[in-house]
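A.B. asks: So that we are looking at the same thing, I have put the structure below in structure tokens.
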2 protein chains.
Amino acid sequence: MTEPRRDVFQAIADPTRRGILMLLATQAMTPNALAEQFETSRQAVSKHINILQECGLVKAEQSGREIHYSLEVTKMKEVDAFLEPFRKLWANRFDQLDDLLSNL
Amino acid sequence: MTEPRRDVFQAIADPTRRGILMLLATQAMTPNALAEQFETSRQAVSKHINILQECGLVKAEQSGREIHYSLEVTKMKEVDAFLEPFRKLWANRFDQLDDLLSNL
DNA sequence: TAAATTCGCAACCATATAGTTGCTTATTTT
DNA sequence: AAAATAAGCAACTATATGGTTGCGAATTTA
């Protein structure tokens, strides 16, 4: 039983999880409230939330029998950091186009 | 046989594929040259390249018996676009910290 | 032209993933 | 106290993923 990969990139690979993250970006929500937004069961959503928690993208706060999940937005900076060198590339291409246009 | 998912998020979920993308950000490369950089076989790398091609992150150019793969960097903007709302959030938090500090 | 190189393709394998169903626990509501 | 609600957990299933090996086609090199 090798450990499954649990990182931000794995987490955002699933469209349902991306949806959950988008919703949690606006407000903290319970699993039931989240599940209502997707074409899947509460249990399935619950599993996704677990994965998001394991990799630190989401944190939980118990309140009576409800659990409110909220976003740990800074964790998303890992994706942003990965993107950085690529962003430089498309910025350069824009510069090149800029140079081209100014030479006309 | 349902179609496997093939999108940018799925593509960057694998660490080897992220490595390939990083290398291709610096220069176009052949599968063999790429495979030498990783602890895996040429065939495995080749499969990753296929996936990267299918989702439009990489393009191929044949040159004799060699194939040079290069990055389609603009495709990465899809990830950047997804990140946009979250970036806003951590920018806001920075502003809040800023406010807090200036009130001391 | 024969040997070597580059590389894709197909078949196969082990494991991870995403989902389901059924159950239990804890907290509210009535 | 009984019923209803919220949610985690475990077992199970089907499919995707990442990898391997073996093979064949195309292009160079000797």
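Identifiers in this document derive from the order of the structure tokens: chains are assigned A, B, ..., residues are numbered from 1 separately in each chain, and ligands are numbered from 1 in order of occurrence.
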Could the residues of chain C that have an atom at most 12 Å from chain B be listed as a Markdown table, each with its closest atom pair and the distance in Å to one decimal, counting only C-alpha atoms (C1' of nucleotides) and ordered by chain and ascending residue number?
C.D. replies:
| residue | atom | partner | partner_atom | distance |
| --- | --- | --- | --- | --- |
| C:DT5 | C1' | B:Arg65 | CA | 8.5 |
| C:DT6 | C1' | B:Arg65 | CA | 5.7 |
| C:DC7 | C1' | B:Glu66 | CA | 7.7 |
| C:DG8 | C1' | B:Ser46 | CA | 8.4 |
| C:DC9 | C1' | B:Gln43 | CA | 10.3 |
A.B. asks: Could you give me the residues within chain A that DSSP places in strand (DSSP E or B), as an MDAnalysis selection string?
C.D. replies: chainID A and resid 29 58:63 66:71
A.B. asks: Please identify every residue of chain A that has at least one atom no more than 8 Å from any atom of chain B, counting only C-alpha atoms, and report them as a PyMOL selection string.
C.D. replies: chain A and resi 9-10+12-14+25+73-74+76+80+83+85-86+89-90
A.B. asks: Could those residues be written to a file, using C-alpha atoms, as a PDB file, in the first residue's frame?
C.D. replies:
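Just written: selection_16.pdb:
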ATOM      1  CA  PHE A   9      -1.795  19.888  -8.124  1.00  0.00           C
ATOM      2  CA  GLN A  10      -3.454  16.551  -7.521  1.00  0.00           C
ATOM      3  CA  ILE A  12      -7.114  20.773  -8.345  1.00  0.00           C
ATOM      4  CA  ALA A  13      -6.989  18.067 -11.025  1.00  0.00           C
ATOM      5  CA  ASP A  14     -10.588  17.103 -10.259  1.00  0.00           C
ATOM      6  CA  ALA A  25     -13.679  31.194  -1.999  1.00  0.00           C
ATOM      7  CA  VAL A  73      -6.217  30.419   0.185  1.00  0.00           C
ATOM      8  CA  THR A  74      -2.488  30.892   0.730  1.00  0.00           C
ATOM      9  CA  MET A  76      -2.962  28.065  -3.617  1.00  0.00           C
ATOM     10  CA  ASP A  80       0.961  30.386  -8.512  1.00  0.00           C
ATOM     11  CA  LEU A  83       3.149  29.263 -12.954  1.00  0.00           C
ATOM     12  CA  PRO A  85       8.306  30.963 -15.020  1.00  0.00           C
ATOM     13  CA  PHE A  86       5.586  30.367 -17.622  1.00  0.00           C
ATOM     14  CA  LEU A  89       7.374  33.503 -21.083  1.00  0.00           C
ATOM     15  CA  TRP A  90       4.034  34.836 -22.166  1.00  0.00           C
TER      16      TRP A  90
END
A.B. asks: Please find the residues of chain D near chain A - the criterion being any atom within 9 Å, counting only C-alpha atoms (C1' of nucleotides) - and write them as a list of chain:residue names.
C.D. replies: D:DT5, D:DA6, D:DA7, D:DG8
A.B. asks: To one decimal in Å, tell me the separation between atom CA of Ser70 of chain A and atom CA of Leu52 of chain A.
C.D. replies: 10.4 Å
A.B. asks: Neighbours of DT21 of chain D within 10 Å (only C-alpha atoms (C1' of nucleotides); same-chain residues fewer than 2 positions away dropped), as a list of chain:residue names?
C.D. replies: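 That gives C:DA11, C:DC12, D:DC23.
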A.B. asks: Which of chain B counts as alpha helix (DSSP H) under DSSP, as an MDAnalysis selection string please?
C.D. replies: chainID B and resid 8:11 15:26 31:36 42:54 77:102
A.B. asks: What does the structure give for the distance between atom CA of Ile20 of chain A and atom C1' of DT13 of chain D, in Å to one decimal?
C.D. replies: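 Separating atom CA of Ile20 of chain A from atom C1' of DT13 of chain D is a distance of 25.0 Å.
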A.B. asks: Can you pull out the residues contacting Ala28 of chain A? Cut-off 10 Å, using only C-alpha atoms (C1' of nucleotides), and skip same-chain residues under 6 positions away; I want them as a PyMOL selection string.
C.D. replies: chain A and resi 34+58-61+67-71
A.B. asks: Write out as a ChimeraX atom specification the residues lying within 9 Å of Thr40 of chain B, counting only C-alpha atoms (C1' of nucleotides) and excluding same-chain residues fewer than 5 positions away.
C.D. replies: /B:35,45 /D:19
A.B. asks: So that I have them on file, write out the residues from the current selection with N, CA, C and O atoms (P, O5', C5', C4', C3', O3' and C1' of nucleotides), as a compact mmCIF listing (two decimals), in the first residue's frame.
C.D. replies:
# COMPACT_ATOMS: atom_id res chain seq x y z
N ALA B 35 13.78 12.16 -21.43
CA ALA B 35 13.79 10.96 -20.59
C ALA B 35 15.05 10.89 -19.74
O ALA B 35 15.01 10.43 -18.59
N VAL B 45 7.97 8.53 -20.54
CA VAL B 45 8.02 9.95 -20.88
C VAL B 45 7.19 10.21 -22.13
O VAL B 45 6.44 11.19 -22.21
P DG D 19 5.12 7.34 -14.27
O5' DG D 19 5.53 5.86 -14.73
C5' DG D 19 5.83 4.91 -13.73
C4' DG D 19 5.68 3.52 -14.29
C3' DG D 19 6.59 3.15 -15.45
O3' DG D 19 7.84 2.66 -14.99
C1' DG D 19 4.41 2.18 -15.66
A.B. asks: Which distance in Å separates atom CA of Met29 of chain A and atom C1' of DC9 of chain D, to one decimal?
C.D. replies: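 Computing the Euclidean distance for atom CA of Met29 of chain A and atom C1' of DC9 of chain D yields 21.0 Å.
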A.B. asks: For DA4 of chain D, which residue among C:DT28, C:DT1, C:DT21, C:DT15 is the nearest when counting only C-alpha atoms (C1' of nucleotides)?
C.D. replies: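 Closest residue, counting only C-alpha atoms (C1' of nucleotides): C:DT28.
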